[in-house]
Structure formats: structure tokens, C-alpha cells
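What follows is a set of notes on a single structure, which appears directly below.
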Amino acid sequence: MVGLATVLGAGGGTSSYKEIEETDVILLWGSNAREAHPIFFHHLLKGLDNGATMYAVDPRRTSSARFADLWLGIEVGSDVALANTVAREIIAADLHDKAFVAHSTRNFAELKAAVEPYTLERGAELTGVPADAIREMAHAYATAEKAQILWTLGITEHHNAVDNVLALCNLALLTGHVGRWGSGLVPLRGQNNVQGGGDMGALPDKFPGFQNVNDPDAIAKFEAAWGTKLNPEPGIHLTLMFEAMERSEIKAVYVIGENPADSEADINHARAMLASLDLLVVQDIFLTRTAEMADVVFPASIAWAESNGTVTSSERRVQRVRAAVTPPGEARDDIQILFDLAALMGVDWGQANPEQLWDELRSLSPMHAGMSWERLEAAGGLQWPCPSLDHPGSPFLHAWLWADDLDGREPAPFSAVVHQGPKEELTDEFPLRLTTGRALDSYNTGVQSGGFNSPIRYGDALDMNPADARALSIVDGEVVQVSSPRGSVEMAVRFQPDIPEGLTFTTFHFPELVDANVLTSDAWDKRSGTAEFKAASIRVDRLVGAAHG
Amino acid sequence: MTAVYNNNTADASAEVAVTISIDGADVIVPEGATVLDACNAAGVDTPTLCYAENLTAVNACRLCVVEMDGSRTLIPSCSRPAEDGMVIKTDSERVRHSRKMVLEFLGSGVDLSQADELGTWSEFYGADADRYGPAPARINEPVKIQDDLYIRDYDKCVLCYKCVEACGDDAQHTFAISVSGRGFDARISTEFDITLPDSACVYCGNCVAVCPTNALQFKTEFDLRTVGEWRPEEHEVTTTVCSYCGVGCNLEMHVQDNTIVKVTSPNDHDVTSGHLCIKGRFGWQYVQPTIERGPTT
Amino acid sequence: MADLKFTDDQASAEESAAIDAVIGDERATVHEHPRVIRGGTKRRHRMRHLLLPALHALQTESGWISPGGLNYICEQLQVPPAEAFGVASFYELFKVDQAPGHDEAVTHVCVDGPCRAGSAQVIAGIKAGGGHVHESPCLGQCERPTAVFVQGRRGPNVVKADAPNVLAQHGEPALRLLHRVGVVDPESLDSYRSHGGYAALDAAIAAGPDAVIASLTESGLSGRGGAAFPTGIKWRGVRDADGDTKHIVANCDESEPGTFKDRIVMESDPFALVEAMTIAAVTTGAENGWIYVRGEYPLATARVQNAIDLARSAGLLGDDVAHSGQRFDIEVRRGAGAYICGEETALFNSLEGFRGEPRNKPPYPTTHGLFNQPTAINNPETLLNVLPIVLEGAASYRSVGTESSPGTRLFCLSGDVGNPGLYEFAFGVTLGEVLERAGGVEGELQAVLLGGAAGTFVDSTSLDMALTLEDTRAAGTTLGSGVVMVFNQNADMTDTCTRIAEFFRNESCGQCVPCRVGAVRQHEMLVELRTGGPAMPDDRRQLHDDMARAMADSSICGLGHTACSAVASALTLGLIGTSQ
């Protein structure tokens, strides 16, 4: 979101799902949507059935990549190198949209200079993908009438996540594949309300509606509405919080609906930090591992099934969630818990009412102003921005890029970014690359998806190229010791002929069985706060006493 | 800049309307609409079985046939595009006869006890499935239970192809099942009839959702029916949004006694078109208020 | 595309080699580099039509569709295994279970029509010799009962009598369509040329497409497959249809019980078929030709393939057909035992590698045919008629036949006549004249089945009926595919009708309810009659009428429309169901 907001001024995917059904070229980059966003993938499949060509960029030949016309299996963390090579090739072949670049963008000269070193040959060297394939993708993307770039955590769970996004934005700006129907930049969101959380201001430096906390006008507006003095200093995000805990600057933490004791990278460090706090409050629907460490636990109702409100999807569509069942025991609505806490602190906010809260948001966030509760009920949701009651919502963003006067805005900036590669380099001691991801039938640390008995579940295993495994005398299914500079776990090896040699992969859905995040890297991007789950270095050892296979 | 892009769709070309006569009344529908659409617009109720708004019409059941002037045979309304000047009869003796016979044919070989609408139509058309002799051929296979998520009861299968389409290129593109064999012996099947867990099935349940006769049934429903506790008339259906990713799929939670018994998605919701993935379809067990949300480790 | 998941079954080296040999070098997924794999929906769709030949290769190699072999095919073509299994299990000639003796040759013995009487003895004889037998529907050799077809394993398929076809009308100057049969060397292009071959193609190229279509239209030629659609209009439709890729398909999936005309034409005059298709190509602008031959016609398949190869060598097929500047080539595809694939849209599905289920029409093949592209699909007999029309003109063509049914017609005489075989008569000949020309009825005439199992019975009261489209239609019967199957007084018509009902029960594709269930219920009713008869109670008779009407009104395709017609006519004529 930081990358998109930097370039285009809005932290949201630019396009509607419907558009991918009608686009011509799809770059699916660092996303296994087939498993992680299956119903979005249905729309993508319609696009393929309608004749679109898909390029899948992913170190693994994922189940999504199997649908691609061409899979480009880049080295983990070489996304900027690939994007820069594509950009250079588009410019060198004179395929960029010169009118669009002149009218709607700035810093082209800087971009051109920055990507100049990324010849096809250098790109091939850095990414491991032959030049022909890069060239083919570059030309297909540039010459398509409509084209979309889609990504997920393969782009953002890196120490240089923002650079990755900026490099992709460069491609859209070079070719004019943004701001119009069928072309766009689409980050797919991992939870039903990641987008909504940001929209609502659950970011360290934003009020609701992406208004800056250090903007005096915004401060004045929110202070007037809330009747209290507000701190103009931006806060800090999760990864910085753990650093602050380490320095004992943060001593009390209130965790709502998050399980950092299982989900953080370099998990042993995270657990130590949480254990060191003076006060840990956890509000959750489960007694998670984090909750078990807490001093106080507030049992919450399940947002999407036991309470009323809204969520916002990856296409910026705000939709209603509704209570289908009554929560068990003492569990209360998240908002009600906050209201009750406020009351104990001496402020009476009354009874929580989601529609009233929503109306307050509409009065403060212009992009939500037109989304009355009634309209949300009737229309099956609305896509922001929707500034007035007669506004139909916005299927895609940034049409201003194509307006004669750019609607009075500054042209969108190119960003000069350089290839860095993963923070953690491979060494003789840890010679294999580990990357992580998700399986179709499971979700994150498995606390929710573990509730049903999936016939296709295989548990966390380490996917290895059979050649790598055989070099270590490992047989398919053998339990081995997997170690990174941070720790070791035991897990089974699964032979995966399609995974390139030198690369390994695991899910992390069963932390009670395999604590995979013991291995993952703690490197993170200072701008986005995301950790580099996608690139660790590991070694694999046969267990002591294992028979020779 | 001269490029002009419509903000809503790439092709908003003016719709052409066609006029078609349904039982003597002129109906105007947009070009591309089917005769069935026109029937619906005319307020004429039409029995359908293999038709679904979120699937390509296969027109296999022939229940929706209507009579068209100039056509030697009856035509399937679900898949025949409406054309200007068509004259359609939906309640002629020929139409009523064919619909009755299709219902009789089905009733003579298939267990339609859980296909509520077909029962109503059978009564309406006076279908008598018992006049086919003492022992008309039928499928007679035991219910297939191979996992905890859904069951297959081939005695209830009318071979409407909906499940195959939902598994295939109308939605899921998994193609775990297909029609195999031929004629009366045709079956919906995996390759060599291997079990579903061994097959390509990804348990999205979209086949179950489109099945019109309960031949495919969620295990929750099957279990409740087995003990006589399935009470659909009491179900409260609440629409909400799935939490398993950021796509925003709408879920219809079917609740009986404050317990979730089934999850579907609305066909007219343009994110899902009624289709879900395994997490959305089956991943709700943890919500069950009857299950303690204890430690997760 | 699909989520492809394969079982652990592996193909044997022989199986994969046999499959590779028919698929060729292209693959749906290409590993270009450890980090680059090419695939995608378009490639997969482009290769799907190789599924049927690949299944044939596997069946021939292993004697069945083994799971490992199927996996291998599916991996190469990226076809979901469930779909491929659905396709394989659709066809009679593919075995999806490892039946005893599957690894030996299988002898298919016809149990239909004139072959029915002698089939039991033939079957017993083969079994006694330790052979593996399959009871088959009509094998298209009705003039020489009892028909057998040997499906070889790792060896050639053969039909019993591979002797030259000699016509009873041999040498008759009136023959327009059959004049080369038994005269020309079917394996020699020179022989074909020396008997007037390829003059029509030269004439068609010289005249140009519009003139050819005008001649066809003027000639009144209509399709001989049964539907009698005007050929000129069909070709005009394809010529005018939008689309760069167009197809000419010869529907040689001759399977109507009692029909063997296509087989004899292909075996004895294959170049004529190739030439006529080439005329269709230069007339409609189609560059792709397909001959879909039923799987039980190995000799016809070989002869047609040979004709294509020789024509290609002579520049009569290929990038510049006979210096016309147009590209056209023909591929031969074998069916695999499914009557329904003679229905044109079912044939398209079969050829494309899907189950041979008919499509709903409209849209029609002229705009949405093979691969959903503009297609002229014609029966071989129809195509043969094109040659004299192009060479001699419409007026000369119309000099025989009637105003509404100009030209000549092929008739397949079988059963209780003196000289069964293939005949050509001008439209308008009476049924009695036909029977007489074929050596007369042996014994006393009880009934004639016109048009095959999908046709109707007539009795001696129809002997004066003129065999034209208009007269037969007026009489409530049909010429259909030209079947004239004769039954004398000794024939057990209840058994014959029961077998016809069984035929439709077995051959219904199963897609639509009226046909899938109706065909079974009709058969059950006939079995009931055979065991409980001879009289059919009124309520059963009413039920049959009800079923017949619904099937004719609401089935998807012609199979369902006509599946009750023969039995209904037998009931009406009192051939069955009466107490006598």
C-alpha cells in the first residue's frame, strides 16, 4: 500500500475483479491466487477463457502458475531486477506509451537512467530466467491493449517490499496500463478487511480515509468531531513495536485479533519480547498462543459471523457483515469491548451501534461519504471512492491520469529502484533458499482453518527439488532437521519436481506441529513494516540415526 | 490526451431490443436474452432442472421446452436466444405433454424425494411415474461417503451436468468429475471412479451447491437428515462476508438452532456468482457456538 | 486449464511410445528451461483434438485404456483425467476395464438386421476356438451377413471380406455416383484420373466459387444423410461466414443399421471423396479438411488415407491445391464405436476430443461448426453428387429424378432379397421396382424397413410408393440413409423391434432426459411384449405413443427424435403387438 500510495496517491488496488475477465495480458507476480484467493482466480480464469495471456512470475511453479502461458521462475527476491529489466526492454524497444509518459508521469529520465544497467543479459543473470522469456513478457505487456499486474505477498513480504511495488508501478506508468478499464495494478489482500483496516485508519500515520495524522486540517476536523486533543505524531507499526519492546520503550501491548506469538518471523525472538512485557492484553476469539501469554484476555465475538459491520475487499468494495449466530459465553463484539473499556475509564460512549459508527465515518472520510448503510445493504456493496449519495462508486481508480488537466494533480512519479536481493544471503552453512506460502485449504497459522477436516490437507512439509534431496540422500517423505541461522525444526520432505534446484518451500499452517516461523528471516522493510517471510537461508540435515536411503 | 474510457465497462454499446410473443403477449427483451428470460419477463413460470443462472445452459433435461411457431420440434427455452418475431407458446398441449413425460421419465428411475420443485411440477403436469411397469431400470447404488464434507447419492442423480460444469469451465476449472459411460449407464464420475480424496477434487463444494436433487449433499445436512433433525423450514439465512481472504465473497450462513448447518453464496453476487472455495464453504466449523474455542496450541 | 492431478499409475514404455507416435512433437506443456515452462489454455485447446487418436493408440497397444496410459495422454495433452476417462468410456471400441482377454484381439460380431439370424452361431464358433467376442451393433456390412470386425491388439484391424466390391449394377451406363466402383483401382491416382477423376476439380477452379454454388443450388442437391438440407445453401453459408479458419468435414461415421454405402464408396472410389471435398474447399474457402470414418471400417480408412497421401504428392492437396492458390489438406480421424457420432454436432465434439454428445442447434455448423468455426459437413453420398453437377451442369443433373427430388439416390439393399448390395436409382423409382432389381423378395414379403433403425417399417401396400423425398414424407416414412431392409414372412418382428429398441438404448448418448430414459423404457416395454405378448395392452400402447411423441418433440437430436419411429410403425402396421 505504501508503494501504491506513493506513486498514485491512493492505497488501494486500482481495478475491479470484473476487469480481469476482459483484459488481454495478465502478469501474476508473486501471487498464488489459485490457492490464496480462489474466487478472484475464477475471474482470472474467465479472462483466460476469453483469450487473455498470462505470465506467472514466481520462484515456484505454483498451482496458479500452472495456468500460465509462460511461467518465469525467478530467483527469490529478484523482483526488482526483473521489473527493471522489463522496463529497460520496453524503453529500448521503443514500446512505451510516449504520449502517456509525457502527459501523465514525471521522472522518466531518472527511470531511464536507473534501469539502463538492467539489460536482458544482466536481468537473466540476476533472476535466473533466460533473456528470451523476459523479453517475451516485456513485449506482451507493453503491446497489449489492456494489461494488469497482480501481486500478493510474494512482492510484499520482502525487506525491500516497497521497492518491489514501486518497480511494478513503473511498468504500468511506462505503458499506460493504469487508470482505465481492463488495465491496472492489483494487490490482493490476505484477509477480508486488510483493506478496510487501512481505510479506517488502522495505520500508524493515518486517520480514516487515508488522511494524514500530521495534517493540521485533518487534525482540526477529527478533534472537532471527537471532542479531544489528538497527537499529531505518527505512531509505529508492528515490526518497530517489537524493536521498541526490545529497548523496553514499549511495556504494555493490547493485541486485538492477531497472533504474533505464532505468526511473526523469527518467532523465538517475538515470543521473548512478548514475555518481557509488563502488561499484555489480548482480545481474540481464541485462546491463542499469544493469548495464553497474556495478563488479561477479552473473549471477542467473531467479526464476520457474530457481529454487524462492514469490511472492504481487494477491489475497494465495502460490504456488510452480519451476525448469523450468537456468540458463546461471555464473548462480546469487538466494538462493545472497546466501549466497555471506555466506560471503565470513565467515558460513556453508550451502546455500540455499527450504523451510527459508520455514519460518523462517512462524515469524516470523504471517500466513504456516499455509502449510506441503506445503499450498502441494497447494492451488494460499493467501491470507494464514493463521495456522494448519487455517486455509483468507483470500479477503477486514477482515471485522472487520462484527463487533459490530470484533474489538477501532479503527474505520477516514476521511481528509480535498484536490485538488492534478499537480506539473508546463502552461505556454505545455510546453502538452500527457503520461501513460504499458503495452501488452498488452510489459513495462516491454522487456528480457524484447523476446525474442519479437509480431505486434501497434507500438513506442513518442506518442498524440495528431488535432485537437491537426493544429493543429501533424503527420500520422499523423510523427516529431516531444517535449520536457519535462527533455529531448527523437524519436518517431512516432499519431493517437488517443479521447484527449481536450490529452492525449498513450506507452509506454516500447523505451528503446533512444525514451528516453521522459527526459520523465517527477521529482515523487514522500514517503510511498510513487513518482514521477509519469503526469503530465508536454511540447511537440511538427515536426523541422527536415519537409515541410509 | 484523446483516449476516452468508460468508467464502468469496456463495452457499453447501446443494447438492441428484440420483441417476442409469449403466449400471445409481446415481450421486449435485450438482444442476447433467452426465451426463458422472455418467459420470466412475461411472468410465465417455467420449470427448469439443468438450468442455473450461474452456469452455461446445457439444455439436457428438456424440462423447459416451449413450442415455437415454425419449429418442427419443441425448443429449450433456457438456451435458445430470443429473436425478433418469435411466437412462443408455453402452455400448449405439446408443451404440457413433453414436460409431463420428462418428469415421468425422471420419476420412474430417480429418487426425487428431495427435489422439492420437481414434485410440485410433477403434480402440476399430472406426471405418473408409476406407469412404467413393475421394475423399471434405475441406478440402485449405495450412498458414497468418502470424506467428512459431502456425500454422493447416485440414486438421486438426474444427470443434469450442473456439477460437472461447476467443477469445470463454468467456475472452478478443476475438472475432477466428468460424465462417463453412455446412455442410461452414464454416470458422473472421477477417472476410473477413484475416490474423491484421490481425485483432483479441491472440495470447493460448488458441485454440491448447484445440485438440484440433493444427489450431492453436504455431510452436515446428510447427517442431520439421517437422524431426522434436518428442518429447513426453521433455517435462518444470513448473508455476510467470508474472512479467509480479501476477495470479499458473500456467504449465506444457514443456521438451525444457533448452529451453522450449511453455507452457500448468492448466485447474483458478482464477486462469487454463487461459487466458493473450500475455506469459505467448509471453514466455519470453528464458529460453531457448540464447540469450545479453547487453546489453539 | 485445470488443476491436473494424476494417480501414481505410470504408462509402460510401449504405451508412451505408441501415444507419442500419434501426438507428434508438440506438447501442451513445454519445459523450456528449469525456470521457464510454457503452457496455457490456448495451447491446451489447440491440442485437445489429439485425444481421440491417442486413445486409439493406447487401446491398440494395451488392449484397454490403462490408468497409466491415460495419465500419460493427459500429461502430454494437459487434459483432465476425469474428462479423458469420460471420453474413453463413451466409446464401444475403448475398454476402460481390464476384462479377461483384453490383451487379445476382439472379434466384433454384428447382431443387427440381416446379421442377427446367424450371429449366435458365429459367436459360438469363435468362442469355441478360444476367441474373444463382442456383440456389436450394425457393422455396415449388411450385404454380406454375418458381419464381423476384428479389433486387433498391436496388429491391424480387419473386416472379414476385404474382396473388391462388385456391384449388381456393374457397367450400367445410368450410374452417376457408382460408375467407378469395381472399375477403378482404388489405390491408384492414375487409374482414378484415367476414369475422369479430377476433371471436376479443374472445372470448379475454372468456374469459381460463385458459379459452383449457383450450379449446386440450381441442381437441387440436398443432403443425403437424412436431413435433406440444400447443399448449395450450406456451402454459401460457409463461404459467407466470418472467420479465417473454416472446415470441410466428410461425415463417414456411417452407423445407421442397414447402411453400408459410405463404406463401399470409400473402399472402392476413395479419390472421388477427396476430390469432392477439395471442390468444397476451393468453393467455401476452407483450408482444413477432416474425414471422420467409423472405427469399424479399417479398409475404408486405409484407402482414404492412401488417396489423401497420393493426392498430396500430386499437388492436389497442400499449400496450393491444383494451382488454385488455395491451401487445403485433409486429416483422417477414426471414430471409436458410437452411433451418435454420425450426428454432425456430436461428430464435431468427438473429433475435438470431447464426448460425442450432440450440441443444441442453433447455432448451426455453417457458422459454428468444428472448433466453433464455420464448417461444411457433408455425407459422402452428397459429396459424390457434386462431381457430376460441376462437370455436367445442373440441367443435365436434373434430367433424372423428380422436380423436388432431382438426381439419383443410393440404396442399401439387405435382408431377404435375392441380391443384397448397393444400388443407385433415379429418385422416383418405386419400392417394388427396387426390390425386383435386387433379385426380388425371398419368400413372402412381410415388411421393409426404410431408412434404418431410425426409419419406419412399410409393408406390401407400399410397393408402389415412389421413392422420393416428397412421396416418402407424404407417406409418413423416410428414405433416411437409403436403407431398404427386407423381412419375409419368417422374420420374428417382435424380436426385430426389441433389438431396434435395444440398439437405441445402447446408443443413446445419455445427455437429454427424453432419449436417455425414453429409450430404456421403450426397450423394457418391448422385452415385456416379447415375453408376455403377443398382444400389447391398450395402456402400454398409449404409453408408447406418449413416449414417442415426447421423444420426437423434445429430444436434443435426431437419435431421440426417431428412436421410437420404427417400433411405432410396426405397431401401427400390426407387425407387432397384435394377438394374431
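Just remember, in the C-alpha cells the first chain shown is A, the second B, etc., residues are 1-based per chain, and ligands are 1-based in the order shown.
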
- Task: Excluding Gln305 in chain C and any residue of its chain fewer than 4 positions from it, enumerate the residues within 7 Å of it, using only C-alpha atoms, and give them as a PyMOL selection string.
- Result: chain C and resi 301+309+332

- Message: Report as a list in words all protein, DNA and RNA residues lying within 9 Å of range 70-75 of chain B, evaluated on only C-alpha atoms, omitting residues in the same chain fewer than 4 positions from it.
- Response: Arg62, Cys64, Val65, Val66, Ser79, Arg80, Val87, Arg94, Val95 and Ser98 of chain B; Ala552, Asp553, Ser554, Ser555, Ile556 and His561 of chain C

- Would you kindly return, as a PyMOL selection string, each protein, DNA or RNA residue with an atom no farther than 10 Å from any atom of Ile194 in chain B, considering only C-alpha atoms and excluding same-chain residues fewer than 4 positions away? (chain B and resi 189-190+198-199) or (chain C and resi 7+82)

Could you write out that same residue set with all heavy atoms as a compact mmCIF listing (two decimals), in the first residue's frame?
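Writing done, so here's result33.txt:
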# COMPACT_ATOMS: atom_id res chain seq x y z
N SER B 189 -18.55 -39.03 -12.71
CA SER B 189 -17.52 -39.90 -12.15
C SER B 189 -16.15 -39.23 -12.22
O SER B 189 -15.89 -38.40 -13.07
CB SER B 189 -17.50 -41.21 -12.95
OG SER B 189 -16.39 -41.99 -12.62
N THR B 190 -15.29 -39.66 -11.34
CA THR B 190 -13.87 -39.35 -11.46
C THR B 190 -13.27 -40.35 -12.45
O THR B 190 -13.96 -41.29 -12.87
CB THR B 190 -13.15 -39.53 -10.11
OG1 THR B 190 -13.37 -40.88 -9.69
CG2 THR B 190 -13.71 -38.57 -9.07
N ASP B 198 -8.73 -39.03 -3.60
CA ASP B 198 -7.63 -39.39 -4.51
C ASP B 198 -7.68 -38.60 -5.81
O ASP B 198 -6.73 -38.57 -6.57
CB ASP B 198 -7.69 -40.88 -4.87
CG ASP B 198 -7.18 -41.75 -3.73
OD1 ASP B 198 -6.44 -41.22 -2.88
OD2 ASP B 198 -7.52 -42.94 -3.69
N SER B 199 -8.81 -38.01 -6.08
CA SER B 199 -9.01 -37.34 -7.36
C SER B 199 -8.48 -35.91 -7.30
O SER B 199 -7.86 -35.50 -6.32
CB SER B 199 -10.50 -37.30 -7.70
OG SER B 199 -11.14 -36.26 -6.96
N THR C 7 -3.01 -39.95 -10.72
CA THR C 7 -2.72 -41.04 -9.81
C THR C 7 -1.28 -41.50 -10.08
O THR C 7 -0.62 -41.04 -11.01
CB THR C 7 -3.68 -42.22 -10.06
OG1 THR C 7 -3.61 -42.58 -11.44
CG2 THR C 7 -5.11 -41.82 -9.73
N ALA C 82 -10.26 -37.01 -15.51
CA ALA C 82 -11.69 -37.35 -15.42
C ALA C 82 -12.36 -37.13 -16.77
O ALA C 82 -13.21 -37.92 -17.20
CB ALA C 82 -12.38 -36.52 -14.34

- Message: Need to verify the contact set: Glu233 in chain B, 12 Å, only C-alpha atoms, exclusion of same-chain residues closer than 5 positions in sequence. Can you return it as number ranges by chain?
- Response: B: 254-257

Taking a cut-off of 8 Å and counting only C-alpha atoms, can you build a table that, for each residue of chain C near chain B, reports the nearest atom pair and how far apart they are in Å (one decimal), sorted by chain then residue number, as a Markdown table?
| residue | atom | partner | partner_atom | distance |
| --- | --- | --- | --- | --- |
| C:Met1 | CA | B:His173 | CA | 6.5 |
| C:Ala2 | CA | B:Thr174 | CA | 4.7 |
| C:Asp3 | CA | B:Thr174 | CA | 4.7 |
| C:Leu4 | CA | B:Ala200 | CA | 6.5 |
| C:Lys5 | CA | B:Ala200 | CA | 5.1 |
| C:Phe6 | CA | B:Ser199 | CA | 7.7 |
| C:Thr7 | CA | B:Asp198 | CA | 7.4 |
| C:Pro67 | CA | B:Phe192 | CA | 7.7 |
| C:Pro80 | CA | B:Phe175 | CA | 6.1 |
| C:Pro81 | CA | B:Glu191 | CA | 5.8 |
| C:Ala82 | CA | B:Glu191 | CA | 4.2 |
| C:Glu83 | CA | B:Ser178 | CA | 5.3 |
| C:Ala84 | CA | B:Glu191 | CA | 7.7 |
| C:Phe85 | CA | B:Glu191 | CA | 5.2 |
| C:Gly86 | CA | B:Ser180 | CA | 3.9 |
| C:Val87 | CA | B:Ser180 | CA | 6.9 |
| C:Ser89 | CA | B:Gly181 | CA | 4.8 |
| C:Phe90 | CA | B:Gly181 | CA | 4.9 |
| C:Tyr91 | CA | B:Gly181 | CA | 7.9 |
| C:Val96 | CA | B:Phe192 | CA | 7.6 |
| C:Asn360 | CA | B:Asn59 | CA | 7.6 |
| C:Pro362 | CA | B:Arg80 | CA | 7.7 |
| C:Arg505 | CA | B:Gly183 | CA | 6.9 |
| C:Asn506 | CA | B:Gly183 | CA | 6.4 |
| C:Glu507 | CA | B:Gly183 | CA | 6.6 |
| C:Ser508 | CA | B:Gly183 | CA | 4.8 |
| C:Cys509 | CA | B:Gly183 | CA | 4.5 |
| C:Gly510 | CA | B:Gly183 | CA | 3.5 |
| C:Gln511 | CA | B:Ala60 | CA | 5.6 |
| C:Cys512 | CA | B:Ala60 | CA | 4.3 |
| C:Val513 | CA | B:Cys61 | CA | 5.2 |
| C:Pro514 | CA | B:Val102 | CA | 5.9 |
| C:Arg516 | CA | B:Gly183 | CA | 5.4 |
| C:Val517 | CA | B:Phe105 | CA | 5.9 |
| C:Gly518 | CA | B:Phe105 | CA | 6.8 |
| C:Val520 | CA | B:Phe184 | CA | 7.2 |
| C:Arg521 | CA | B:Tyr132 | CA | 7.1 |
| C:Glu524 | CA | B:Pro136 | CA | 7.4 |
| C:Asp546 | CA | B:Met101 | CA | 7.6 |
| C:Met547 | CA | B:Met101 | CA | 7.0 |
| C:Arg549 | CA | B:Ser98 | CA | 7.8 |
| C:Ala550 | CA | B:Ser98 | CA | 4.8 |
| C:Met551 | CA | B:Ser98 | CA | 7.9 |
| C:Ala552 | CA | B:Thr73 | CA | 7.1 |
| C:Asp553 | CA | B:Thr73 | CA | 4.7 |
| C:Ser554 | CA | B:Leu74 | CA | 5.5 |
| C:Ser555 | CA | B:Arg62 | CA | 7.1 |
| C:Ile556 | CA | B:Ala60 | CA | 7.6 |

- Item | chain A contacts to chain B at 7 Å (only C-alpha atoms) as a ChimeraX atom specification | /A:37-40,42,180-181,188-194,286-289,304-305,313-314,320-322,324-328,395,402-404,441,443,447-449,451-453,455-456,512

Counting only C-alpha atoms, collect the residues of chain C whose closest atom lies at most 10 Å from chain A, and write them out as a short mmCIF file (atom, residue, chain, number, x, y, z; two decimals) with N, CA and C atoms, in the first residue's frame.
data_model
loop_
_atom_site.label_atom_id
_atom_site.label_comp_id
_atom_site.auth_asym_id
_atom_site.auth_seq_id
_atom_site.Cartn_x
_atom_site.Cartn_y
_atom_site.Cartn_z
N MET C 1 -7.85 -24.86 -18.85
CA MET C 1 -6.87 -25.42 -17.92
C MET C 1 -7.57 -26.00 -16.72
N ALA C 2 -6.80 -26.65 -16.04
CA ALA C 2 -7.42 -27.36 -14.91
C ALA C 2 -6.38 -27.62 -13.84
N ASP C 3 -6.86 -27.96 -12.67
CA ASP C 3 -5.95 -28.47 -11.64
C ASP C 3 -5.69 -29.92 -11.99
N LEU C 4 -4.57 -30.20 -12.60
CA LEU C 4 -4.33 -31.58 -13.02
C LEU C 4 -3.70 -32.37 -11.89
N THR C 29 2.50 -28.72 -22.52
CA THR C 29 3.39 -28.05 -21.58
C THR C 29 4.82 -28.31 -22.01
N VAL C 30 5.59 -27.23 -22.14
CA VAL C 30 6.94 -27.38 -22.63
C VAL C 30 7.92 -26.84 -21.59
N HIS C 31 8.80 -27.70 -21.12
CA HIS C 31 9.82 -27.26 -20.16
C HIS C 31 10.98 -26.67 -20.96
N GLU C 32 10.96 -25.37 -21.12
CA GLU C 32 11.97 -24.73 -21.96
C GLU C 32 13.27 -24.53 -21.20
N HIS C 33 13.18 -24.54 -19.88
CA HIS C 33 14.33 -24.21 -19.03
C HIS C 33 13.89 -24.59 -17.61
N PRO C 34 14.84 -24.88 -16.71
CA PRO C 34 14.40 -25.21 -15.35
C PRO C 34 13.53 -24.12 -14.73
N ARG C 35 13.65 -22.89 -15.23
CA ARG C 35 12.87 -21.80 -14.67
C ARG C 35 11.85 -21.21 -15.65
N VAL C 36 11.64 -21.85 -16.76
CA VAL C 36 10.65 -21.34 -17.72
C VAL C 36 9.85 -22.52 -18.27
N ILE C 37 8.55 -22.48 -18.04
CA ILE C 37 7.68 -23.52 -18.59
C ILE C 37 6.55 -22.85 -19.36
N ARG C 38 6.38 -23.32 -20.57
CA ARG C 38 5.33 -22.77 -21.42
C ARG C 38 4.12 -23.69 -21.36
N GLY C 39 2.95 -23.09 -21.28
CA GLY C 39 1.73 -23.89 -21.22
C GLY C 39 0.56 -23.03 -21.62
N GLY C 40 -0.52 -23.13 -20.88
CA GLY C 40 -1.62 -22.20 -21.08
C GLY C 40 -2.81 -22.79 -21.80
N THR C 41 -3.90 -22.10 -21.62
CA THR C 41 -5.20 -22.53 -22.11
C THR C 41 -5.22 -22.70 -23.63
N LYS C 42 -4.64 -21.75 -24.33
CA LYS C 42 -4.74 -21.80 -25.79
C LYS C 42 -4.00 -23.01 -26.36
N ARG C 43 -2.82 -23.29 -25.82
CA ARG C 43 -2.07 -24.47 -26.29
C ARG C 43 -2.86 -25.74 -26.03
N ARG C 44 -3.42 -25.79 -24.83
CA ARG C 44 -4.15 -26.99 -24.44
C ARG C 44 -5.35 -27.19 -25.35
#

- Task: Determine which residues of range 261-448 of chain A DSSP labels as strand (DSSP E) from the backbone of this structure, then write them out as a PyMOL selection string.
- Result: chain A and resi 279-284+296-299+309-312+317-321+382-383+412-413+432-436

- Long-range neighbours of Glu296 in chain C as a VMD selection string, 7 Å cut-off, only C-alpha atoms, 2 positions minimum in chain: chain C and resid 139 149 294 298
